[in-house]
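Undergrad: This is coords31.txt, which holds compact mmCIF, C-alpha atoms:
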```txt
# COMPACT_ATOMS: atom_id res chain seq x y z
CA MET K 109 0.00 0.00 0.00
CA ARG K 110 1.29 3.44 -0.94
CA LEU K 111 0.10 6.99 -1.47
CA GLU K 112 0.16 8.36 -5.00
CA LYS K 113 -0.38 11.93 -6.15
CA LYS K 114 -3.50 12.13 -8.31
CA HIS K 115 -5.09 15.57 -8.76
CA PRO K 116 -2.90 18.72 -8.73
CA ARG K 117 -3.85 21.33 -6.14
CA ALA K 118 -4.88 23.87 -8.82
CA ILE K 119 -7.33 21.48 -10.47
CA ARG K 120 -8.90 20.64 -7.10
CA TRP K 121 -9.45 24.35 -6.36
CA PHE K 122 -10.83 25.08 -9.83
CA HIS K 123 -13.18 22.10 -9.50
CA TRP K 124 -14.53 22.98 -6.06
CA ILE K 125 -14.83 26.70 -6.82
CA ASN K 126 -16.73 25.90 -9.99
CA PHE K 127 -19.27 23.79 -8.12
CA PRO K 128 -20.99 26.61 -6.12
CA LEU K 129 -20.52 29.10 -8.98
CA LEU K 130 -22.25 26.82 -11.47
CA ALA K 131 -24.97 26.16 -8.88
CA LEU K 132 -25.50 29.92 -8.51
CA MET K 133 -25.59 30.42 -12.28
CA ILE K 134 -28.21 27.67 -12.59
CA TRP K 135 -30.21 29.00 -9.62
CA SER K 136 -30.25 32.59 -10.93
CA GLY K 137 -30.97 31.18 -14.39
CA ILE K 138 -34.08 29.49 -13.00
CA LEU K 139 -35.21 32.82 -11.51
CA ILE K 140 -34.83 34.31 -15.01
CA TYR K 141 -36.43 31.32 -16.71
CA TRP K 142 -39.62 31.83 -14.66
CA ALA K 143 -40.42 35.00 -16.62
CA TYR K 144 -40.59 33.08 -19.93
CA PRO K 145 -40.52 29.33 -19.27
CA HIS K 146 -40.86 28.14 -22.84
CA TYR K 147 -37.77 26.13 -23.72
CA ALA K 148 -38.15 22.98 -21.64
CA GLY K 149 -41.09 21.65 -23.63
CA VAL K 150 -43.10 21.18 -20.43
CA GLU K 151 -45.25 23.76 -18.72
CA ILE K 152 -44.62 24.36 -15.04
CA SER K 153 -47.78 25.61 -13.37
CA GLN K 154 -47.77 28.94 -11.55
CA PRO K 155 -48.74 27.29 -8.23
CA ALA K 156 -45.64 25.10 -8.58
CA TRP K 157 -43.41 28.14 -9.14
CA ARG K 158 -45.01 29.85 -6.14
CA ALA K 159 -44.58 26.80 -3.93
CA LEU K 160 -40.87 26.87 -4.76
CA HIS K 161 -40.70 30.69 -4.24
CA ILE K 162 -39.26 31.16 -7.69
CA ASN K 163 -41.99 33.51 -8.93
CA ASN K 164 -41.50 37.26 -9.52
CA ARG K 165 -37.76 37.24 -8.96
CA LEU K 166 -36.58 38.16 -12.46
CA ALA K 167 -34.67 41.31 -11.45
CA GLU K 168 -32.94 39.45 -8.62
CA GLY K 169 -32.08 36.58 -10.95
CA MET K 170 -30.55 38.89 -13.55
CA ALA K 171 -28.55 40.79 -10.91
CA LEU K 172 -27.11 37.50 -9.60
CA HIS K 173 -26.52 36.07 -13.08
CA PHE K 174 -24.63 39.17 -14.30
CA PHE K 175 -22.56 39.25 -11.09
CA PHE K 176 -21.46 35.64 -10.82
CA MET K 177 -21.00 35.21 -14.58
CA TRP K 178 -17.60 36.89 -14.27
CA PHE K 179 -16.36 34.53 -11.54
CA PHE K 180 -17.77 31.49 -13.35
CA ALA K 181 -16.10 32.52 -16.64
CA ILE K 182 -12.76 33.53 -15.10
CA ASN K 183 -12.53 30.29 -13.09
CA GLY K 184 -13.27 28.27 -16.21
CA VAL K 185 -10.74 30.14 -18.35
CA LEU K 186 -8.03 29.78 -15.69
CA TYR K 187 -8.76 26.05 -15.44
CA VAL K 188 -8.35 25.59 -19.20
CA LEU K 189 -5.15 27.67 -19.22
CA TYR K 190 -3.78 25.64 -16.32
CA THR K 191 -4.46 22.31 -18.02
CA LEU K 192 -2.80 23.58 -21.20
CA ILE K 193 0.31 25.01 -19.52
CA SER K 194 0.81 22.18 -17.02
CA GLY K 195 0.26 19.46 -19.60
CA GLU K 196 -2.66 18.02 -17.61
CA TRP K 197 -4.71 18.25 -20.78
CA ARG K 198 -2.98 15.08 -21.94
CA TYR K 199 -4.94 13.06 -19.35
CA LEU K 200 -8.17 14.91 -20.06
CA VAL K 201 -8.53 15.26 -23.82
CA PRO K 202 -9.91 12.19 -25.61
CA ASN K 203 -7.78 10.47 -28.23
CA ARG K 204 -8.65 8.03 -31.00
CA HIS K 205 -8.96 5.16 -28.54
CA SER K 206 -11.23 7.00 -26.13
CA PHE K 207 -14.52 6.35 -27.88
CA ARG K 208 -13.99 2.58 -28.11
CA GLU K 209 -12.86 2.57 -24.51
CA ALA K 210 -15.82 4.69 -23.39
CA TRP K 211 -18.13 2.08 -24.91
CA GLN K 212 -16.33 -0.69 -22.99
CA VAL K 213 -16.51 1.34 -19.79
CA MET K 214 -20.23 1.80 -20.25
CA LEU K 215 -20.75 -1.93 -20.83
CA HIS K 216 -18.72 -2.62 -17.69
CA ASP K 217 -20.73 -0.11 -15.65
CA LEU K 218 -23.95 -1.73 -16.87
CA HIS K 219 -22.59 -5.14 -15.74
CA ILE K 220 -22.58 -6.44 -19.31
CA ARG K 221 -18.81 -6.63 -19.64
CA LYS K 222 -16.50 -8.14 -17.06
CA GLU K 223 -13.11 -6.55 -17.80
CA ALA K 224 -12.58 -3.39 -15.74
CA PRO K 225 -11.56 -0.10 -17.37
CA PRO K 226 -7.81 0.52 -17.60
CA PRO K 227 -6.30 1.79 -14.35
CA ARG K 228 -5.29 5.15 -15.86
CA LYS K 229 -6.14 8.46 -14.19
CA PHE K 230 -9.07 9.02 -16.53
CA ASN K 231 -10.60 6.37 -18.76
CA GLY K 232 -12.05 7.11 -22.19
CA ALA K 233 -15.54 7.79 -20.88
CA GLN K 234 -14.17 10.26 -18.35
CA GLN K 235 -12.00 11.97 -20.97
CA ILE K 236 -15.02 12.46 -23.21
CA ALA K 237 -17.23 13.67 -20.37
CA TYR K 238 -14.68 16.06 -18.81
CA THR K 239 -13.77 17.56 -22.17
CA ALA K 240 -17.37 17.78 -23.37
CA VAL K 241 -18.38 19.70 -20.26
CA ILE K 242 -15.64 22.28 -20.98
CA VAL K 243 -16.86 22.66 -24.56
CA MET K 244 -20.38 23.08 -23.13
CA GLY K 245 -19.02 25.76 -20.80
CA LEU K 246 -17.65 27.64 -23.78
CA GLY K 247 -21.04 27.19 -25.43
CA SER K 248 -22.76 28.68 -22.40
CA LEU K 249 -20.46 31.71 -22.40
CA LEU K 250 -20.99 32.32 -26.11
CA THR K 251 -24.77 31.75 -26.18
CA GLY K 252 -24.96 33.86 -23.02
CA LEU K 253 -23.12 36.70 -24.74
CA ALA K 254 -25.40 36.31 -27.77
CA ILE K 255 -28.41 36.79 -25.49
CA TYR K 256 -26.82 39.52 -23.36
CA LYS K 257 -25.70 41.76 -26.28
CA PRO K 258 -27.63 40.61 -29.37
CA VAL K 259 -26.92 43.88 -31.22
CA GLN K 260 -23.23 44.44 -30.42
CA PHE K 261 -22.63 40.72 -31.08
CA SER K 262 -25.35 40.19 -33.66
CA TRP K 263 -23.05 37.92 -35.68
CA LEU K 264 -22.82 35.61 -32.69
CA THR K 265 -26.59 35.67 -32.18
CA PHE K 266 -26.95 34.84 -35.88
CA ILE K 267 -24.67 31.80 -35.52
CA PHE K 268 -26.89 30.50 -32.71
CA PHE K 269 -30.05 30.72 -34.85
CA GLY K 270 -31.14 34.13 -33.64
CA TYR K 271 -32.15 35.51 -30.27
CA GLN K 272 -34.65 32.78 -29.42
CA GLY K 273 -32.30 30.13 -30.80
CA ALA K 274 -29.50 31.33 -28.51
CA ARG K 275 -31.86 31.29 -25.51
CA PHE K 276 -32.98 27.77 -26.39
CA LEU K 277 -29.38 26.54 -26.64
CA HIS K 278 -28.39 28.35 -23.43
CA PHE K 279 -31.22 26.58 -21.60
CA TRP K 280 -30.43 23.13 -22.96
CA LEU K 281 -26.71 23.45 -22.24
CA THR K 282 -27.78 24.03 -18.65
CA MET K 283 -29.91 20.91 -18.74
CA GLY K 284 -26.77 19.19 -20.01
CA TYR K 285 -24.89 20.27 -16.86
CA VAL K 286 -27.67 18.86 -14.71
CA GLY K 287 -27.38 15.57 -16.58
CA PHE K 288 -23.59 15.62 -16.23
CA PHE K 289 -23.92 16.34 -12.51
CA LEU K 290 -26.28 13.42 -11.89
CA VAL K 291 -24.07 10.91 -13.73
CA HIS K 292 -20.92 12.38 -12.18
CA VAL K 293 -22.22 12.11 -8.62
CA ALA K 294 -23.50 8.58 -9.23
CA GLN K 295 -20.09 7.54 -10.58
CA VAL K 296 -18.24 9.20 -7.69
CA ILE K 297 -20.43 7.32 -5.21
CA ARG K 298 -19.80 4.08 -7.08
CA ALA K 299 -16.05 4.67 -7.24
CA GLY K 300 -15.89 5.05 -3.48
CA TRP K 301 -14.23 7.05 -0.75
CA ASN K 302 -10.61 6.71 -1.85
CA ASN K 303 -11.44 8.24 -5.23
CA PHE K 304 -13.54 11.05 -3.73
CA ARG K 305 -10.95 11.86 -1.10
CA ALA K 306 -8.32 12.25 -3.84
CA MET K 307 -10.32 15.16 -5.25
CA VAL K 308 -10.08 16.85 -1.84
CA ILE K 309 -6.58 16.01 -0.62
CA GLY K 310 -4.88 15.21 -3.94
CA VAL K 311 -3.48 11.75 -3.10
CA GLU K 312 -4.92 8.31 -3.53
CA VAL K 313 -4.16 5.05 -1.79
CA VAL K 314 -2.80 2.50 -4.22
CA GLU K 315 -2.62 -1.14 -3.10
CA MET Q 69 7.59 3.66 4.89
CA SER Q 70 5.73 1.16 7.01
CA GLU Q 71 1.99 0.67 6.60
CA GLU Q 72 1.53 2.46 9.91
CA ASP Q 73 3.48 5.50 8.65
CA ILE Q 74 1.40 5.55 5.51
CA GLN Q 75 -1.82 5.40 7.50
CA ARG Q 76 -0.60 8.24 9.72
CA GLU Q 77 0.40 10.33 6.70
CA LEU Q 78 -2.96 9.65 5.07
CA ARG Q 79 -4.82 10.71 8.22
CA ARG Q 80 -2.77 13.91 8.36
CA LEU Q 81 -3.43 14.78 4.70
CA THR Q 82 -7.11 13.93 5.06
CA ARG Q 83 -7.51 16.08 8.16
CA ARG Q 84 -5.67 18.98 6.51
CA GLY Q 85 -7.56 18.69 3.22
CA PHE Q 86 -11.01 18.50 4.74
CA ILE Q 87 -10.35 21.29 7.25
CA THR Q 88 -9.11 23.50 4.40
CA GLY Q 89 -12.21 22.56 2.42
CA ALA Q 90 -14.53 23.31 5.32
CA VAL Q 91 -12.89 26.71 5.93
CA ALA Q 92 -13.08 27.56 2.22
CA ALA Q 93 -16.74 26.54 2.08
CA GLY Q 94 -17.44 28.66 5.18
CA VAL Q 95 -15.66 31.68 3.70
CA GLY Q 96 -17.54 31.25 0.41
CA PHE Q 97 -20.90 30.88 2.12
CA GLY Q 98 -20.17 33.86 4.38
CA ALA Q 99 -19.18 36.01 1.42
CA TYR Q 100 -22.39 35.07 -0.39
CA LYS Q 101 -24.53 35.86 2.67
CA PHE Q 102 -22.69 39.17 3.08
CA LEU Q 103 -23.32 40.15 -0.55
CA ARG Q 104 -26.99 39.20 -0.41
CA THR Q 105 -27.74 41.07 2.81
CA ARG Q 106 -26.22 44.46 1.89
CA PRO Q 107 -28.69 47.39 1.88
CA PRO Q 108 -30.47 47.70 -1.44
CA GLU Q 109 -29.72 50.41 -3.95
CA GLU Q 110 -32.56 50.92 -6.43
CA GLY Q 111 -34.13 47.61 -5.58
CA VAL Q 112 -31.09 45.34 -5.41
CA ALA Q 113 -28.33 44.79 -2.81
CA TRP Q 114 -25.63 47.35 -3.56
CA PRO Q 115 -22.79 44.97 -4.56
CA PHE Q 116 -25.00 43.66 -7.35
CA ARG Q 117 -26.02 47.21 -8.34
CA LYS Q 118 -22.32 48.11 -8.49
CA MET Q 119 -21.64 45.16 -10.76
CA LEU Q 120 -24.51 46.15 -13.05
CA ARG Q 121 -22.83 49.57 -13.37
CA ILE Q 122 -19.42 48.00 -14.06
CA ASN Q 123 -21.04 45.85 -16.75
CA GLU Q 124 -22.68 48.99 -18.11
CA SER Q 125 -19.41 50.89 -18.38
CA ILE Q 126 -17.85 47.95 -20.25
CA ALA Q 127 -20.86 47.78 -22.58
CA ARG Q 128 -20.85 51.55 -23.18
CA GLY Q 129 -17.14 51.44 -23.94
CA TYR Q 130 -17.76 48.77 -26.56
CA PHE Q 131 -21.00 50.24 -27.98
CA SER Q 132 -20.93 51.48 -31.57
CA GLU Q 133 -23.66 53.30 -33.46
CA HIS Q 134 -22.48 51.38 -36.52
CA ARG Q 135 -23.59 48.05 -35.09
CA LEU Q 136 -27.21 47.65 -36.00
CA SER Q 137 -29.95 45.49 -34.64
CA PRO Q 138 -30.63 42.82 -37.29
CA THR Q 139 -33.49 43.66 -39.63
CA PHE Q 140 -36.00 41.15 -40.92
CA ARG Q 141 -38.20 40.47 -43.93
CA ARG Q 142 -41.81 41.49 -44.10
CA SER Q 143 -42.82 37.82 -43.84
CA ASP Q 144 -41.07 37.56 -40.45
CA ILE Q 145 -43.34 40.17 -38.83
CA THR Q 146 -45.29 38.89 -35.83
CA ALA Q 147 -48.34 40.31 -34.10
CA PRO Q 148 -47.43 43.09 -31.68
CA ARG Q 149 -47.64 42.15 -28.05
CA ILE Q 150 -48.98 44.22 -25.17
CA ASN Q 151 -47.18 43.56 -21.93
CA GLY Q 152 -47.70 46.55 -19.65
CA HIS Q 153 -49.98 49.48 -19.09
CA GLN Q 154 -47.78 51.66 -16.88
CA GLY Q 155 -48.24 55.30 -17.87
CA LEU Q 156 -51.05 54.65 -20.36
CA SER Q 157 -53.66 56.42 -18.26
CA PRO Q 158 -54.91 59.12 -18.11
CA GLU Q 159 -56.21 59.22 -21.64
CA VAL Q 160 -54.86 61.90 -23.94
CA ASP Q 161 -56.63 63.51 -26.88
CA ALA Q 162 -54.46 62.86 -29.92
CA ALA Q 163 -55.50 66.14 -31.58
CA SER Q 164 -54.44 68.32 -28.66
CA TRP Q 165 -51.44 66.14 -27.77
CA ARG Q 166 -48.11 67.94 -27.56
CA ILE Q 167 -44.61 66.69 -26.93
CA THR Q 168 -42.50 68.94 -24.74
CA ILE Q 169 -38.74 69.17 -25.01
CA GLU Q 170 -37.02 70.36 -21.86
CA GLY Q 171 -33.39 71.30 -21.60
CA ALA Q 172 -33.15 72.95 -25.02
CA ALA Q 173 -32.24 76.65 -25.31
CA ALA Q 174 -35.93 77.47 -24.79
CA PRO Q 175 -38.88 75.19 -23.90
CA ILE Q 176 -40.28 73.55 -27.01
CA SER Q 177 -43.77 72.20 -27.57
CA LEU Q 178 -44.40 70.18 -30.74
CA THR Q 179 -47.47 68.75 -32.43
CA LEU Q 180 -47.45 65.31 -34.03
CA ASP Q 181 -47.20 67.02 -37.45
CA ASP Q 182 -44.10 68.89 -36.29
CA VAL Q 183 -42.50 65.55 -35.43
CA LYS Q 184 -43.65 64.01 -38.72
CA SER Q 185 -41.97 66.81 -40.66
CA LEU Q 186 -38.62 65.11 -40.01
CA PRO Q 187 -37.40 62.41 -42.46
CA HIS Q 188 -39.41 59.19 -42.13
CA HIS Q 189 -37.78 55.84 -41.50
CA GLU Q 190 -39.10 52.29 -41.53
CA GLN Q 191 -37.48 49.26 -39.97
CA ILE Q 192 -38.41 45.68 -39.19
CA THR Q 193 -36.62 44.80 -35.98
CA GLU Q 194 -36.92 42.47 -33.02
CA LEU Q 195 -38.29 43.81 -29.76
CA ARG Q 196 -36.71 41.71 -27.02
CA CYS Q 197 -38.49 41.77 -23.70
CA ILE Q 198 -36.43 41.55 -20.54
CA GLU Q 199 -38.72 38.62 -19.62
CA GLY Q 200 -37.31 36.59 -22.49
CA TRP Q 201 -39.88 36.67 -25.28
CA SER Q 202 -39.39 38.63 -28.45
CA VAL Q 203 -41.53 39.87 -31.34
CA ILE Q 204 -40.61 41.18 -34.77
CA ASN Q 205 -42.39 44.40 -35.67
CA LYS Q 206 -42.26 46.98 -38.40
CA TRP Q 207 -41.90 50.51 -37.11
CA THR Q 208 -42.56 53.79 -38.92
CA GLY Q 209 -41.25 56.96 -37.39
CA VAL Q 210 -38.51 59.56 -37.24
CA ARG Q 211 -35.11 59.23 -35.68
CA LEU Q 212 -34.86 60.53 -32.16
CA GLY Q 213 -31.39 61.69 -33.25
CA ASP Q 214 -32.92 63.86 -35.98
CA LEU Q 215 -35.29 65.44 -33.49
CA ILE Q 216 -32.41 66.14 -31.09
CA ALA Q 217 -30.37 67.61 -33.98
CA LYS Q 218 -33.23 69.92 -34.95
CA TYR Q 219 -33.93 71.00 -31.37
CA PRO Q 220 -30.51 70.60 -29.79
CA PRO Q 221 -29.47 71.21 -26.21
CA PRO Q 222 -27.34 74.35 -25.78
CA SER Q 223 -24.33 72.12 -25.07
CA PRO Q 224 -23.92 68.36 -25.52
CA VAL Q 225 -25.59 66.24 -22.84
CA SER Q 226 -24.96 62.71 -21.56
CA TYR Q 227 -28.55 61.54 -21.13
CA VAL Q 228 -32.07 61.84 -22.46
CA ALA Q 229 -35.11 61.29 -20.23
CA LEU Q 230 -38.52 60.38 -21.64
CA GLU Q 231 -41.81 60.46 -19.74
CA THR Q 232 -45.46 59.63 -20.28
CA PRO Q 233 -48.16 62.20 -19.38
CA GLY Q 234 -48.17 62.59 -15.60
CA ARG Q 235 -44.90 60.60 -15.44
CA GLY Q 236 -46.72 57.29 -15.01
CA TYR Q 237 -43.79 55.66 -16.81
CA TYR Q 238 -40.35 57.05 -17.45
CA VAL Q 239 -37.09 55.85 -18.94
CA GLY Q 240 -33.56 57.16 -19.05
CA LEU Q 241 -31.26 56.71 -22.05
CA ASP Q 242 -27.53 57.20 -22.43
CA ILE Q 243 -26.95 59.67 -25.27
CA ASP Q 244 -25.27 57.12 -27.58
CA SER Q 245 -28.32 54.84 -27.50
CA ALA Q 246 -30.64 57.85 -27.97
CA LEU Q 247 -28.68 58.91 -31.08
CA HIS Q 248 -28.45 55.38 -32.54
CA PRO Q 249 -29.86 55.43 -36.10
CA GLN Q 250 -32.43 52.72 -35.25
CA THR Q 251 -33.87 54.66 -32.30
CA LEU Q 252 -37.19 55.93 -33.64
CA LEU Q 253 -40.10 58.00 -32.42
CA ALA Q 254 -42.78 55.86 -34.04
CA TRP Q 255 -46.47 56.43 -34.81
CA MET Q 256 -47.05 53.20 -36.75
CA ILE Q 257 -46.53 49.55 -35.92
CA ASN Q 258 -46.86 46.87 -38.61
CA ASP Q 259 -48.23 49.56 -41.00
CA GLN Q 260 -51.07 50.37 -38.60
CA PRO Q 261 -51.38 53.58 -36.57
CA LEU Q 262 -50.46 52.88 -32.97
CA SER Q 263 -53.40 51.73 -30.89
CA TRP Q 264 -54.01 53.22 -27.49
CA HIS Q 265 -52.39 50.20 -25.82
CA HIS Q 266 -49.35 50.38 -28.04
CA GLY Q 267 -48.68 53.96 -27.06
CA ALA Q 268 -50.51 56.31 -29.44
CA PRO Q 269 -49.85 58.91 -30.58
CA LEU Q 270 -46.03 58.59 -30.38
CA ARG Q 271 -43.76 56.04 -28.73
CA LEU Q 272 -40.14 54.95 -28.73
CA ALA Q 273 -38.83 52.03 -30.77
CA ILE Q 274 -35.28 51.35 -29.57
CA PRO Q 275 -33.96 47.92 -30.59
CA VAL Q 276 -30.56 48.56 -28.96
CA LYS Q 277 -32.41 48.23 -25.64
CA TYR Q 278 -34.71 45.73 -23.94
CA GLY Q 279 -38.44 46.29 -24.38
CA ILE Q 280 -38.68 48.15 -21.07
CA LYS Q 281 -36.98 51.17 -22.67
CA ASN Q 282 -39.48 51.30 -25.57
CA ILE Q 283 -41.63 53.86 -23.75
CA LYS Q 284 -45.16 54.47 -25.00
CA ARG Q 285 -47.19 57.72 -25.25
CA ILE Q 286 -44.28 60.12 -24.82
CA ALA Q 287 -45.21 63.51 -23.38
CA THR Q 288 -41.81 64.86 -22.36
CA ILE Q 289 -38.27 64.58 -23.67
CA ARG Q 290 -35.62 66.08 -21.44
CA TYR Q 291 -31.92 66.65 -22.09
CA THR Q 292 -29.82 66.28 -18.99
CA ASN Q 293 -26.39 65.56 -17.63
CA VAL Q 294 -27.87 63.97 -14.52
CA ARG Q 295 -28.55 60.27 -14.99
CA PRO Q 296 -32.35 60.17 -15.29
CA ALA Q 297 -34.51 57.92 -13.15
CA ASP Q 298 -35.81 54.84 -14.92
CA PHE Q 299 -39.04 53.09 -13.97
CA TRP Q 300 -37.68 49.53 -13.97
CA GLY Q 301 -34.14 50.67 -13.16
CA GLU Q 302 -35.51 51.79 -9.79
CA ARG Q 303 -37.10 48.38 -9.28
CA GLY Q 304 -34.03 46.19 -9.28
CA TYR Q 305 -33.34 46.01 -13.02
CA ASP Q 306 -30.26 47.12 -14.89
CA TRP Q 307 -30.57 50.85 -15.65
CA TYR Q 308 -28.67 50.47 -18.93
CA ALA Q 309 -30.62 47.44 -20.22
CA GLY Q 310 -28.67 47.70 -23.48
CA HIS Q 311 -28.18 45.23 -26.29
```
Could I get this file's structure written as C-alpha cells?

TA:
Amino acid sequence: MRLEKKHPRAIRWFHWINFPLLALMIWSGILIYWAYPHYAGVEISQPAWRALHINNRLAEGMALHFFFMWFFAINGVLYVLYTLISGEWRYLVPNRHSFREAWQVMLHDLHIRKEAPPPRKFNGAQQIAYTAVIVMGLGSLLTGLAIYKPVQFSWLTFIFFGYQGARFLHFWLTMGYVGFFLVHVAQVIRAGWNNFRAMVIGVEVVE
Amino acid sequence: MSEEDIQRELRRLTRRGFITGAVAAGVGFGAYKFLRTRPPEEGVAWPFRKMLRINESIARGYFSEHRLSPTFRRSDITAPRINGHQGLSPEVDAASWRITIEGAAAPISLTLDDVKSLPHHEQITELRCIEGWSVINKWTGVRLGDLIAKYPPPSPVSYVALETPGRGYYVGLDIDSALHPQTLLAWMINDQPLSWHHGAPLRLAIPVKYGIKNIKRIATIRYTNVRPADFWGERGYDWYAGH
C-alpha cells in the first residue's frame, strides 16, 4: 500500500470553486427562466413556481446572473489555461482510442462486460465527459453573450439561430450540466471514498 | 515507509484537506450571505447594483452606433404584443397632444405634425423583452437623433429622459443609444397607426435596448447631464438594459 499523487492542487481548487458558482448560475438562471418558461417543452404551473418561491424574482435573478458570470467565466478560463500550460490536458482530452474505450466502460458499468476499465487516471468515458463539459461551458459563455448583447454581437446571435435560438441553446446546455452532474455524482459514489478523497486532498491510496 | 506510517500520513493529509475545504466553504458561504444582505440600492443589494454599473461601463465602452440590430423580412413580422400598461392612463386627446422638449435653449412644444416633418424611417426589428420573449415588428417613425439635432441642447448632454403624461412611466437613455440610427419615435406599428395600448400617438422604438426602454405615449423629452430615473431601473433592473 502506498500513497500516490493524483489531482494537482490547482485542479482541485478550480473544481470545487466551480461547483458553487455553477450552482449559482443555474439557480439565478431558473429565476430568469420563470419570466418566460418556454424552452423545456413542459409547462410548469404557476402554483408550482409559487410553492418553490421562484416567482417574480426576475430582477434578482438577472442581478445575480450578471454578477457571478464573471467569476464562473474567469474560473473556467483559468482552469483551461492551467491544463494547457501544465500538460494536464494530456490526461483529459480524448484520443482516438477514447470512444472505443468509453463504450467498454459503459458496458462494464452496466454489468454487461466483465473486464474493468484501464487503471489510468481518466478512462475514455471520463476523458469524453470532462472535455465535453468544458466545450459546453464555452457554449454557455458564447450563447450567453449572444443573449446579453444581441446587437453588439449580432453575428454571434446569428450563428446560434437568432435571439430565441440562442436562448434555447443556453437553456439546454444548462440541462446538459444537470445531466452531467447526476451521472458524475453517481459515478463518484460508485467509485468510493478513496477516489472522492483524492479530489479533496490530492493523493490516492494504491494497493 | 511502514503501513503504519502511511496510514498516519494519510490521516494527516485527510484532516488537513477536509479542514481547508470546510474553511473555504465557510468563507464562500459567508461572502455570499454578506453580498446578499447588503442594503439595497434601487431595488437590489448594492454589490449587485455596483456590478450592473461595471457591466454597463464595459458595454458603453464597446458600444458602436455602426452596429445595427438585425433587420428582418416582411414575412417575419409577428403580431405586436402588449405587456404593460404603466403610464397609459390618463387618456390623452391625440389632436391636442403635444410633446415637450425640456433642456433645449428654450422650452419647445411640438405637435405630431411637427415631429412628422422630419425624415421618415421604416425598420423591421426584433423587440426583445427583458422577460425573455421577443416579437418582430415593423416601425414607422422619425429618428430621435434627428429630433435632437433639430432641437438641440445648448451644449452636448450625456442623457435623455422620456416620460409619459403625468410621469406614469419614465425611462432614461444614455446619449449614444438615444442617437443610434435605429432609435425611432414611431407612430405606426406593422403599418397600422399605434393603438391606445401600443402607445398612441407617439412612442419609442429602440432595438438597442430591452423592451422596457421602448416607452409608450411620450409627453416629455428632457436633455440632462444627470442620470435620469428609470421606472424599472428603480425596481431592481439594470438601468442600462442595453443590447

Undergrad: Distance CA of Leu281 in chain K-CA of Asn151 in chain Q, one decimal place?

TA: 28.7 Å

Undergrad: What residues in chain K have any atom no more than 9 Å from chain Q when counting all atoms listed in the file, and can you write them as number ranges by chain?

TA: K: 109-111, 124-125, 128, 140-146, 166-168, 170-172, 174-175, 255-262, 266, 271-272, 275, 305, 308-313

Undergrad: List the neighbours of Pro261 in chain Q out to 12 Å using only C-alpha atoms; skip same-chain residues closer than 3 positions along the sequence, and give me the result as a VMD selection string.

TA: chain Q and resid 162 206 to 209 254 to 258 264 to 271

Undergrad: For the residues in that selection, give me C-alpha atoms as a tab-separated table (two decimals), in the frame of the given file.

TA:
```tsv
chain	number	residue	atom	x	y	z
Q	162	ALA	CA	-54.46	62.86	-29.92
Q	206	LYS	CA	-42.26	46.98	-38.40
Q	207	TRP	CA	-41.90	50.51	-37.11
Q	208	THR	CA	-42.56	53.79	-38.92
Q	209	GLY	CA	-41.25	56.96	-37.39
Q	254	ALA	CA	-42.78	55.86	-34.04
Q	255	TRP	CA	-46.47	56.43	-34.81
Q	256	MET	CA	-47.05	53.20	-36.75
Q	257	ILE	CA	-46.53	49.55	-35.92
Q	258	ASN	CA	-46.86	46.87	-38.61
Q	264	TRP	CA	-54.01	53.22	-27.49
Q	265	HIS	CA	-52.39	50.20	-25.82
Q	266	HIS	CA	-49.35	50.38	-28.04
Q	267	GLY	CA	-48.68	53.96	-27.06
Q	268	ALA	CA	-50.51	56.31	-29.44
Q	269	PRO	CA	-49.85	58.91	-30.58
Q	270	LEU	CA	-46.03	58.59	-30.38
Q	271	ARG	CA	-43.76	56.04	-28.73
```

Undergrad: In Å, rounded to a single decimal, give me how far CA of Met133 in chain K is from CA of Phe176 in chain K.

TA: 6.8 Å

Undergrad: Give the answer as one residue: which of K:Pro202, K:Gly270, K:Gly252, K:Gly184 has the shortest atom-to-atom distance to Phe127 in chain K, using all atoms listed in the file?

TA: K:Gly184

Undergrad: Applying 6 Å and all atoms listed in the file, which residues near range 139-150 of chain Q remain after dropping the ones on its own chain fewer than 2 positions away? List them as JSON, numbers by chain.

TA: {"Q": [192, 193, 203, 204, 205]}

Undergrad: What does the distance from CA of His161 in chain K to CA of Ser136 in chain K come to in Å, to one decimal?

TA: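 These two atoms are separated by 12.6 Å.
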
Undergrad: My list of candidates is Q:Pro296, Q:Pro107, Q:Pro249, Q:Gly94. Which is closest to His188 in chain Q when distances are computed with all atoms listed in the file?

TA: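 So, comparing all the options, the nearest one is Q:Pro249.
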
Undergrad: Taking all atoms listed in the file into account, name the residue in K:Tyr190, K:Leu200, K:Gly232, K:Thr251 that is nearest to Gln212 in chain K.

TA: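 Ranked by minimum distance to Gln212 in chain K, first place goes to K:Gly232.
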
Undergrad: Give me, as a VMD selection string, all polymer residues having an atom no more than 12 Å from Val291 in chain K, counting only C-alpha atoms and skipping those fewer than 3 positions away in the same chain.

TA: chain K and resid 214 217 233 to 234 237 to 238 284 to 288 294 to 298

Undergrad: With a distance cut-off of 12 Å and all atoms listed in the file, select the neighbouring residues of Ser194 in chain K, excluding the residue or stretch itself and same-chain residues fewer than 4 positions from it, and output the selection as a compact mmCIF listing (two decimals) with C-alpha atoms, keeping the file's coordinate frame.

TA:
```
# COMPACT_ATOMS: atom_id res chain seq x y z
CA PRO K 116 -2.90 18.72 -8.73
CA ARG K 117 -3.85 21.33 -6.14
CA ALA K 118 -4.88 23.87 -8.82
CA ILE K 119 -7.33 21.48 -10.47
CA LEU K 186 -8.03 29.78 -15.69
CA TYR K 187 -8.76 26.05 -15.44
CA VAL K 188 -8.35 25.59 -19.20
CA LEU K 189 -5.15 27.67 -19.22
CA TYR K 190 -3.78 25.64 -16.32
CA ARG K 198 -2.98 15.08 -21.94
CA TYR K 199 -4.94 13.06 -19.35
CA LEU K 200 -8.17 14.91 -20.06
```

Undergrad: In the coordinates of the file, take the point (-51.2, 59.4, -22.8) and a cut-off of 7 Å; then, counting all atoms listed in the file, name each qualifying protein, DNA or RNA residue as a PyMOL selection string.

TA: chain Q and resi 156-160+232-233+285

Undergrad: Which is closer to Leu160 in chain K than all the others in K:Trp211, K:Phe279, K:Trp135, K:Tyr147, using all atoms listed in the file?

TA: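 Closest candidate: K:Trp135.
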
Undergrad: Tell me, as a ChimeraX atom specification, which residues lie within 7 Å of range 177-187 of chain Q, counting only C-alpha atoms; anything in the same chain fewer than 3 positions away does not count.

TA: /Q:165-169,210
